[in-house]
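Data block for my_file_25.pdb (PDB, C-alpha atoms):
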```pdb
ATOM      1  CA  MET J   1     -69.083  81.049 -53.969
ATOM      2  CA  ALA J   2     -68.524  83.910 -51.542
ATOM      3  CA  ALA J   3     -66.639  87.202 -51.726
ATOM      4  CA  VAL J   4     -65.839  90.254 -49.620
ATOM      5  CA  ALA J   5     -64.650  93.544 -51.135
ATOM      6  CA  ASP J   6     -63.516  96.496 -49.032
ATOM      7  CA  GLY J   7     -63.249  99.823 -50.880
ATOM      8  CA  LEU J   8     -60.092 101.734 -50.077
ATOM      9  CA  GLY J   9     -60.937 104.475 -47.608
ATOM     10  CA  GLY J  10     -57.909 106.603 -48.499
ATOM     11  CA  MET J  11     -59.074 106.870 -52.100
ATOM     12  CA  GLN J  12     -62.161 108.137 -53.881
ATOM     13  CA  SER J  13     -65.308 106.118 -54.689
ATOM     14  CA  GLY J  14     -64.224 103.031 -52.750
ATOM     15  CA  ASN J  15     -67.850 101.922 -52.455
ATOM     16  CA  HIS J  16     -68.207 101.899 -56.246
ATOM     17  CA  ALA J  17     -64.959  99.951 -56.661
ATOM     18  CA  ALA J  18     -66.122  97.316 -54.171
ATOM     19  CA  GLN J  19     -69.490  96.975 -55.907
ATOM     20  CA  ILE J  20     -67.850  96.582 -59.315
ATOM     21  CA  ALA J  21     -65.572  93.863 -57.945
ATOM     22  CA  VAL J  22     -68.425  91.913 -56.374
ATOM     23  CA  ASP J  23     -70.627  92.287 -59.468
ATOM     24  CA  THR J  24     -67.824  90.957 -61.682
ATOM     25  CA  ILE J  25     -67.343  87.915 -59.456
ATOM     26  CA  ARG J  26     -71.114  87.332 -59.323
ATOM     27  CA  LYS J  27     -71.352  87.275 -63.131
ATOM     28  CA  ALA J  28     -68.571  84.670 -63.283
ATOM     29  CA  THR J  29     -70.043  82.410 -60.583
ATOM     30  CA  ASN J  30     -71.626  79.741 -62.799
ATOM     31  CA  GLU J  31     -68.577  79.529 -65.028
ATOM     32  CA  LEU J  32     -66.194  79.285 -62.077
ATOM     33  CA  LEU J  33     -68.184  76.612 -60.284
ATOM     34  CA  GLY J  34     -68.504  74.647 -63.508
ATOM     35  CA  ARG J  35     -64.750  74.680 -64.024
ATOM     36  CA  MET J  36     -64.130  73.331 -60.496
ATOM     37  CA  SER J  37     -64.759  69.817 -61.853
ATOM     38  CA  GLY J  38     -61.704  70.187 -64.120
ATOM     39  CA  ASN J  39     -58.051  70.816 -63.300
ATOM     40  CA  SER J  40     -56.952  73.538 -60.927
ATOM     41  CA  GLY J  41     -54.686  75.179 -63.503
ATOM     42  CA  ASP J  42     -57.680  76.005 -65.703
ATOM     43  CA  VAL J  43     -59.612  77.430 -62.749
ATOM     44  CA  ARG J  44     -56.624  79.509 -61.668
ATOM     45  CA  ARG J  45     -56.258  81.019 -65.119
ATOM     46  CA  PHE J  46     -59.958  81.810 -65.332
ATOM     47  CA  VAL J  47     -60.183  83.367 -61.861
ATOM     48  CA  THR J  48     -57.071  85.466 -62.546
ATOM     49  CA  GLU J  49     -58.741  86.712 -65.737
ATOM     50  CA  THR J  50     -61.919  87.477 -63.758
ATOM     51  CA  TYR J  51     -59.994  89.555 -61.224
ATOM     52  CA  GLN J  52     -58.322  91.377 -64.105
ATOM     53  CA  LEU J  53     -61.742  92.098 -65.633
ATOM     54  CA  ALA J  54     -62.821  93.624 -62.318
ATOM     55  CA  ASN J  55     -59.607  95.633 -62.192
ATOM     56  CA  ASP J  56     -60.178  96.932 -65.728
ATOM     57  CA  ALA J  57     -63.808  97.828 -64.968
ATOM     58  CA  ILE J  58     -62.747  99.812 -61.902
ATOM     59  CA  GLN J  59     -60.130 101.643 -63.955
ATOM     60  CA  SER J  60     -62.736 102.487 -66.599
ATOM     61  CA  PHE J  61     -65.048 103.847 -63.896
ATOM     62  CA  ALA J  62     -62.216 105.926 -62.440
ATOM     63  CA  GLU J  63     -61.281 107.381 -65.824
ATOM     64  CA  ALA J  64     -64.913 108.211 -66.598
ATOM     65  CA  HIS J  65     -65.146 110.153 -63.333
ATOM     66  CA  ALA J  66     -61.776 111.933 -63.600
ATOM     67  CA  GLN J  67     -60.345 109.786 -60.813
ATOM     68  CA  ALA J  68     -57.771 107.736 -62.733
ATOM     69  CA  GLY J  69     -55.460 105.853 -60.376
ATOM     70  CA  ALA J  70     -57.439 106.937 -57.324
ATOM     71  CA  VAL J  71     -60.153 104.264 -57.035
ATOM     72  CA  GLY J  72     -59.531 100.838 -55.532
ATOM     73  CA  THR J  73     -60.764  97.920 -53.456
ATOM     74  CA  THR J  74     -59.637  94.687 -51.889
ATOM     75  CA  LEU J  75     -61.275  91.432 -52.959
ATOM     76  CA  VAL J  76     -61.121  88.003 -51.317
ATOM     77  CA  THR J  77     -63.117  85.135 -52.845
ATOM     78  CA  LEU J  78     -63.931  81.550 -51.900
ATOM     79  CA  VAL J  79     -64.786  79.113 -54.720
ATOM     80  CA  ALA J  80     -65.827  75.652 -53.510
ATOM     81  CA  SER J  81     -67.398  72.637 -55.196
ATOM     82  CA  GLY J  82     -67.586  69.084 -53.906
ATOM     83  CA  SER J  83     -64.571  68.571 -51.664
ATOM     84  CA  GLY J  84     -62.339  71.116 -53.405
ATOM     85  CA  TYR J  85     -61.850  74.836 -52.876
ATOM     86  CA  LEU J  86     -59.687  77.804 -53.854
ATOM     87  CA  ILE J  87     -59.214  81.167 -52.127
ATOM     88  CA  ILE J  88     -58.305  84.170 -54.289
ATOM     89  CA  ASN J  89     -57.082  87.382 -52.703
ATOM     90  CA  SER J  90     -55.894  90.860 -53.590
ATOM     91  CA  GLY J  91     -55.385  93.316 -50.720
ATOM     92  CA  ASP J  92     -55.663  92.947 -46.969
ATOM     93  CA  SER J  93     -59.100  91.408 -46.615
ATOM     94  CA  ARG J  94     -58.581  87.898 -45.242
ATOM     95  CA  SER J  95     -59.797  84.322 -45.322
ATOM     96  CA  TYR J  96     -59.585  81.972 -42.348
ATOM     97  CA  ARG J  97     -60.388  78.293 -41.966
ATOM     98  CA  VAL J  98     -61.902  77.302 -38.618
ATOM     99  CA  ASP J  99     -62.216  73.648 -37.578
ATOM    100  CA  ARG J 100     -61.359  71.259 -34.754
ATOM    101  CA  ALA J 101     -57.657  71.915 -35.317
ATOM    102  CA  GLY J 102     -58.152  75.613 -34.576
ATOM    103  CA  VAL J 103     -58.106  78.847 -36.543
ATOM    104  CA  LYS J 104     -55.804  79.137 -39.569
ATOM    105  CA  GLN J 105     -55.305  82.272 -41.625
ATOM    106  CA  ILE J 106     -55.219  81.163 -45.265
ATOM    107  CA  THR J 107     -54.436  84.415 -47.063
ATOM    108  CA  ARG J 108     -51.473  86.753 -46.755
ATOM    109  CA  ASP J 109     -51.997  90.492 -46.313
ATOM    110  CA  HIS J 110     -50.723  92.426 -49.295
ATOM    111  CA  THR J 111     -49.273  95.258 -47.241
ATOM    112  CA  THR J 112     -45.826  96.754 -46.744
ATOM    113  CA  ALA J 113     -45.907  95.829 -43.046
ATOM    114  CA  ASP J 114     -46.669  92.191 -43.814
ATOM    115  CA  ALA J 115     -43.826  92.017 -46.355
ATOM    116  CA  LEU J 116     -41.397  93.504 -43.833
ATOM    117  CA  LEU J 117     -42.543  91.064 -41.158
ATOM    118  CA  ARG J 118     -42.173  88.027 -43.427
ATOM    119  CA  ASN J 119     -38.681  89.123 -44.453
ATOM    120  CA  GLY J 120     -37.536  89.634 -40.862
ATOM    121  CA  LEU J 121     -37.317  93.425 -41.235
ATOM    122  CA  MET J 122     -40.028  94.168 -38.675
ATOM    123  CA  ARG J 123     -40.446  92.762 -35.180
ATOM    124  CA  PRO J 124     -43.736  90.943 -34.544
ATOM    125  CA  GLU J 125     -44.418  93.177 -31.546
ATOM    126  CA  ASP J 126     -44.242  96.272 -33.798
ATOM    127  CA  TYR J 127     -46.638  94.957 -36.425
ATOM    128  CA  ALA J 128     -49.961  95.829 -34.766
ATOM    129  CA  SER J 129     -49.059  99.509 -34.323
ATOM    130  CA  SER J 130     -47.292 100.017 -37.646
ATOM    131  CA  PRO J 131     -48.913 102.557 -40.026
ATOM    132  CA  LEU J 132     -47.521 100.417 -42.872
ATOM    133  CA  ARG J 133     -50.294  97.887 -42.146
ATOM    134  CA  ASN J 134     -52.554 100.202 -44.172
ATOM    135  CA  HIS J 135     -50.144 100.540 -47.108
ATOM    136  CA  LEU J 136     -51.372  98.049 -49.708
ATOM    137  CA  THR J 137     -48.970  96.453 -52.167
ATOM    138  CA  ARG J 138     -51.776  94.796 -54.169
ATOM    139  CA  CYS J 139     -55.449  95.594 -54.744
ATOM    140  CA  LEU J 140     -57.914  96.131 -57.584
ATOM    141  CA  GLY J 141     -58.145  99.439 -59.414
ATOM    142  CA  PRO J 142     -55.143 101.755 -59.051
ATOM    143  CA  LYS J 143     -52.717  99.772 -61.247
ATOM    144  CA  GLU J 144     -53.104  98.127 -64.663
ATOM    145  CA  ASP J 145     -52.386  94.652 -63.238
ATOM    146  CA  CYS J 146     -53.963  93.453 -59.974
ATOM    147  CA  GLU J 147     -51.981  90.172 -59.561
ATOM    148  CA  PRO J 148     -54.305  88.161 -57.299
ATOM    149  CA  GLU J 149     -52.777  85.480 -55.061
ATOM    150  CA  ILE J 150     -54.397  82.031 -55.057
ATOM    151  CA  PHE J 151     -54.403  79.549 -52.173
ATOM    152  CA  PRO J 152     -53.399  76.738 -51.904
ATOM    153  CA  ASP J 153     -50.313  77.232 -54.072
ATOM    154  CA  ASN J 154     -50.776  74.313 -56.464
ATOM    155  CA  ASP J 155     -53.831  72.018 -56.476
ATOM    156  CA  PHE J 156     -57.308  72.543 -55.023
ATOM    157  CA  GLY J 157     -57.584  72.726 -51.258
ATOM    158  CA  SER J 158     -59.440  69.868 -49.591
ATOM    159  CA  ILE J 159     -62.612  70.163 -47.525
ATOM    160  CA  ASP J 160     -62.299  67.125 -45.272
ATOM    161  CA  GLY J 161     -64.709  67.028 -42.356
ATOM    162  CA  ASP J 162     -66.615  69.868 -40.722
ATOM    163  CA  CYS J 163     -65.102  73.322 -41.199
ATOM    164  CA  THR J 164     -66.024  76.980 -41.573
ATOM    165  CA  PHE J 165     -64.440  79.503 -43.929
ATOM    166  CA  LEU J 166     -64.454  83.155 -42.870
ATOM    167  CA  LEU J 167     -63.922  86.000 -45.353
ATOM    168  CA  CYS J 168     -63.640  89.454 -43.793
ATOM    169  CA  SER J 169     -62.352  93.008 -44.101
ATOM    170  CA  ASP J 170     -59.537  94.400 -41.953
ATOM    171  CA  GLY J 171     -62.014  96.404 -39.902
ATOM    172  CA  PHE J 172     -63.523  93.100 -38.764
ATOM    173  CA  TYR J 173     -60.423  91.047 -37.944
ATOM    174  CA  SER J 174     -58.046  93.758 -36.687
ATOM    175  CA  LYS J 175     -59.573  93.811 -33.197
ATOM    176  CA  LEU J 176     -60.318  90.092 -32.904
ATOM    177  CA  SER J 177     -58.094  87.200 -31.821
ATOM    178  CA  ASN J 178     -58.001  83.605 -33.013
ATOM    179  CA  GLU J 179     -59.768  82.704 -29.787
ATOM    180  CA  ASP J 180     -62.629  84.993 -30.803
ATOM    181  CA  LEU J 181     -62.832  83.524 -34.304
ATOM    182  CA  ALA J 182     -62.852  79.982 -32.902
ATOM    183  CA  GLN J 183     -66.498  80.580 -31.957
ATOM    184  CA  LEU J 184     -67.315  79.856 -35.607
ATOM    185  CA  ASP J 185     -66.527  76.163 -35.123
ATOM    186  CA  GLY J 186     -69.144  73.780 -33.768
ATOM    187  CA  SER J 187     -71.355  76.424 -32.173
ATOM    188  CA  SER J 188     -75.087  75.837 -31.819
ATOM    189  CA  LEU J 189     -75.662  79.469 -32.811
ATOM    190  CA  HIS J 190     -76.479  80.437 -36.392
ATOM    191  CA  LEU J 191     -73.449  81.795 -38.263
ATOM    192  CA  ASP J 192     -75.098  85.203 -38.690
ATOM    193  CA  SER J 193     -75.569  85.459 -34.928
ATOM    194  CA  ILE J 194     -71.905  84.663 -34.322
ATOM    195  CA  LEU J 195     -70.765  87.211 -36.913
ATOM    196  CA  GLU J 196     -73.001  89.894 -35.387
ATOM    197  CA  LYS J 197     -71.544  89.093 -31.957
ATOM    198  CA  LEU J 198     -67.981  89.292 -33.258
ATOM    199  CA  ALA J 199     -68.672  92.548 -35.124
ATOM    200  CA  ALA J 200     -70.102  94.094 -31.959
ATOM    201  CA  GLU J 201     -67.003  92.986 -30.061
ATOM    202  CA  ALA J 202     -64.718  94.518 -32.691
ATOM    203  CA  LEU J 203     -66.590  97.827 -32.458
ATOM    204  CA  GLN J 204     -66.432  97.765 -28.679
ATOM    205  CA  ARG J 205     -62.663  97.273 -28.879
ATOM    206  CA  GLY J 206     -62.285 100.362 -31.034
ATOM    207  CA  SER J 207     -62.552  99.309 -34.676
ATOM    208  CA  ALA J 208     -63.263 102.450 -36.688
ATOM    209  CA  ASP J 209     -63.266 100.884 -40.168
ATOM    210  CA  ASN J 210     -65.899  99.102 -42.234
ATOM    211  CA  LEU J 211     -66.783  95.676 -40.840
ATOM    212  CA  SER J 212     -67.694  93.137 -43.519
ATOM    213  CA  ALA J 213     -67.682  89.373 -43.056
ATOM    214  CA  ILE J 214     -69.116  86.203 -44.584
ATOM    215  CA  ALA J 215     -68.908  82.742 -43.011
ATOM    216  CA  VAL J 216     -69.526  79.527 -44.950
ATOM    217  CA  ARG J 217     -69.884  76.249 -43.034
ATOM    218  CA  PHE J 218     -69.313  72.816 -44.542
ATOM    219  CA  GLU J 219     -70.615  69.778 -42.675
ATOM    220  CA  SER J 220     -69.706  66.159 -43.386
ATOM    221  CA  GLU J 221     -72.599  63.811 -44.025
TER     222      GLU J 221
END
```

Take the structure from the file and write it as structure tokens.
Amino acid sequence: MAAVADGLGGMQSGNHAAQIAVDTIRKATNELLGRMSGNSGDVRRFVTETYQLANDAIQSFAEAHAQAGAVGTTLVTLVASGSGYLIINSGDSRSYRVDRAGVKQITRDHTTADALLRNGLMRPEDYASSPLRNHLTRCLGPKEDCEPEIFPDNDFGSIDGDCTFLLCSDGFYSKLSNEDLAQLDGSSLHLDSILEKLAAEALQRGSADNLSAIAVRFESE
């Protein structure tokens, strides 16, 4: 179980929203992992309910501090047990899978720019500089329903062979390429060392946002 939450910088109390989201996921860890031995539909329902609980808790915090509708966070979560996994996402924090086949982005960014790009209404070359990259269409906190997206679409994903899952905030990935992230596969360095190296590179390239990242490596026996 791993999760990354990135409080929304354009709103108030983003750090509190992120902490509430992570605490809610942490409390549900044992239950979620236990359900991974069942069918994926049951796990999907439970994890959607867990995200909604986090959303409701953030809203309660905001109302108690006279900040209703103005507190929010992203949340991306990896749940894995045995050879199965699910990724749950709300916002523009991302999950990648890194293995011998390369680097694959699993999640979709819940932003206006990403929606325009996917619908052919924005040119790929305009995406990186678009201010709409920061306009979230989904997250936890500001709205009554958070509507998390779950990957893969239907059944559990399969962990077959050596691979690494990366969960990270936009401040981490926005200045890094797939070639950079490929360092997470098969390196003799400890994962923390690689993440520290990548974070330093992102800062050197001009990242001015929070940098949060977790890497989880699975190795075949």

So that each row is one residue of segment 130-213 of chain J with an atom at most 12 Å from segment 22-46 of chain J, can you give its shortest atom pair and the distance in Å to one decimal, using all atoms listed in the file, rows by chain and rising number, as a Markdown table?
```
| residue | atom | partner | partner_atom | distance |
| --- | --- | --- | --- | --- |
| J:Leu140 | CA | J:Val22 | CA | 11.4 |
| J:Glu147 | CA | J:Arg45 | CA | 11.5 |
| J:Pro148 | CA | J:Arg44 | CA | 10.0 |
| J:Glu149 | CA | J:Arg44 | CA | 9.7 |
| J:Ile150 | CA | J:Arg44 | CA | 7.4 |
| J:Phe151 | CA | J:Arg44 | CA | 9.8 |
| J:Pro152 | CA | J:Ser40 | CA | 10.2 |
| J:Asp153 | CA | J:Arg44 | CA | 10.1 |
| J:Asn154 | CA | J:Ser40 | CA | 7.7 |
| J:Asp155 | CA | J:Ser40 | CA | 5.6 |
| J:Phe156 | CA | J:Ser40 | CA | 6.0 |
| J:Gly157 | CA | J:Ser40 | CA | 9.7 |
```

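The residues returned by the PyMOL selection byres ((chain J and resi 109) around 9) on the shown structure are Asn89, Ser90, Gly91, Asp92, Ser93, Arg94, Thr107, Arg108, His110, Thr111, Thr112, Ala113, Asp114, Ala115, Arg133, Leu136, Thr137 and Arg138 of chain J.
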
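Computed from the coordinates, the atom CA of Val71 of chain J to atom CA of Gln105 of chain J distance equals 27.3 Å.
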
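Here atom CA of Gly82 of chain J and atom CA of Glu179 of chain J stand 28.8 Å from one another.
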
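Minimum atom-to-atom distances from J:Val103, J:Ala62, J:Leu8, J:Leu86 to Ser177 of chain J were compared using all atoms listed in the file, and the lowest value belongs to J:Val103.
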
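Among the candidates J:Met1, J:Ile88, J:Ala215, J:Met11, the residue lying nearest to Asp192 of chain J is J:Ala215 (atoms considered: all atoms listed in the file).
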
Neighbour residues at most 7 Å from (-72.0, 82.8, -31.4) (all atoms listed in the file) as a count of residues only: 7

Check what the PyMOL selection byres ((chain J and resi 220) around 8) selects in the file above and give those residues as a PyMOL selection string. chain J and resi 160-162+218-219+221

Distance criterion (all atoms listed in the file): nearest to Cys163 of chain J out of J:Glu201, J:Asp180, J:Asp185, J:Glu144: J:Asp185

Matched chain/residue IDs from the PyMOL selection byres ((chain J and resi 143) around 10), as a PyMOL selection string: chain J and resi 55-56+59+68-72+138-142+144-147
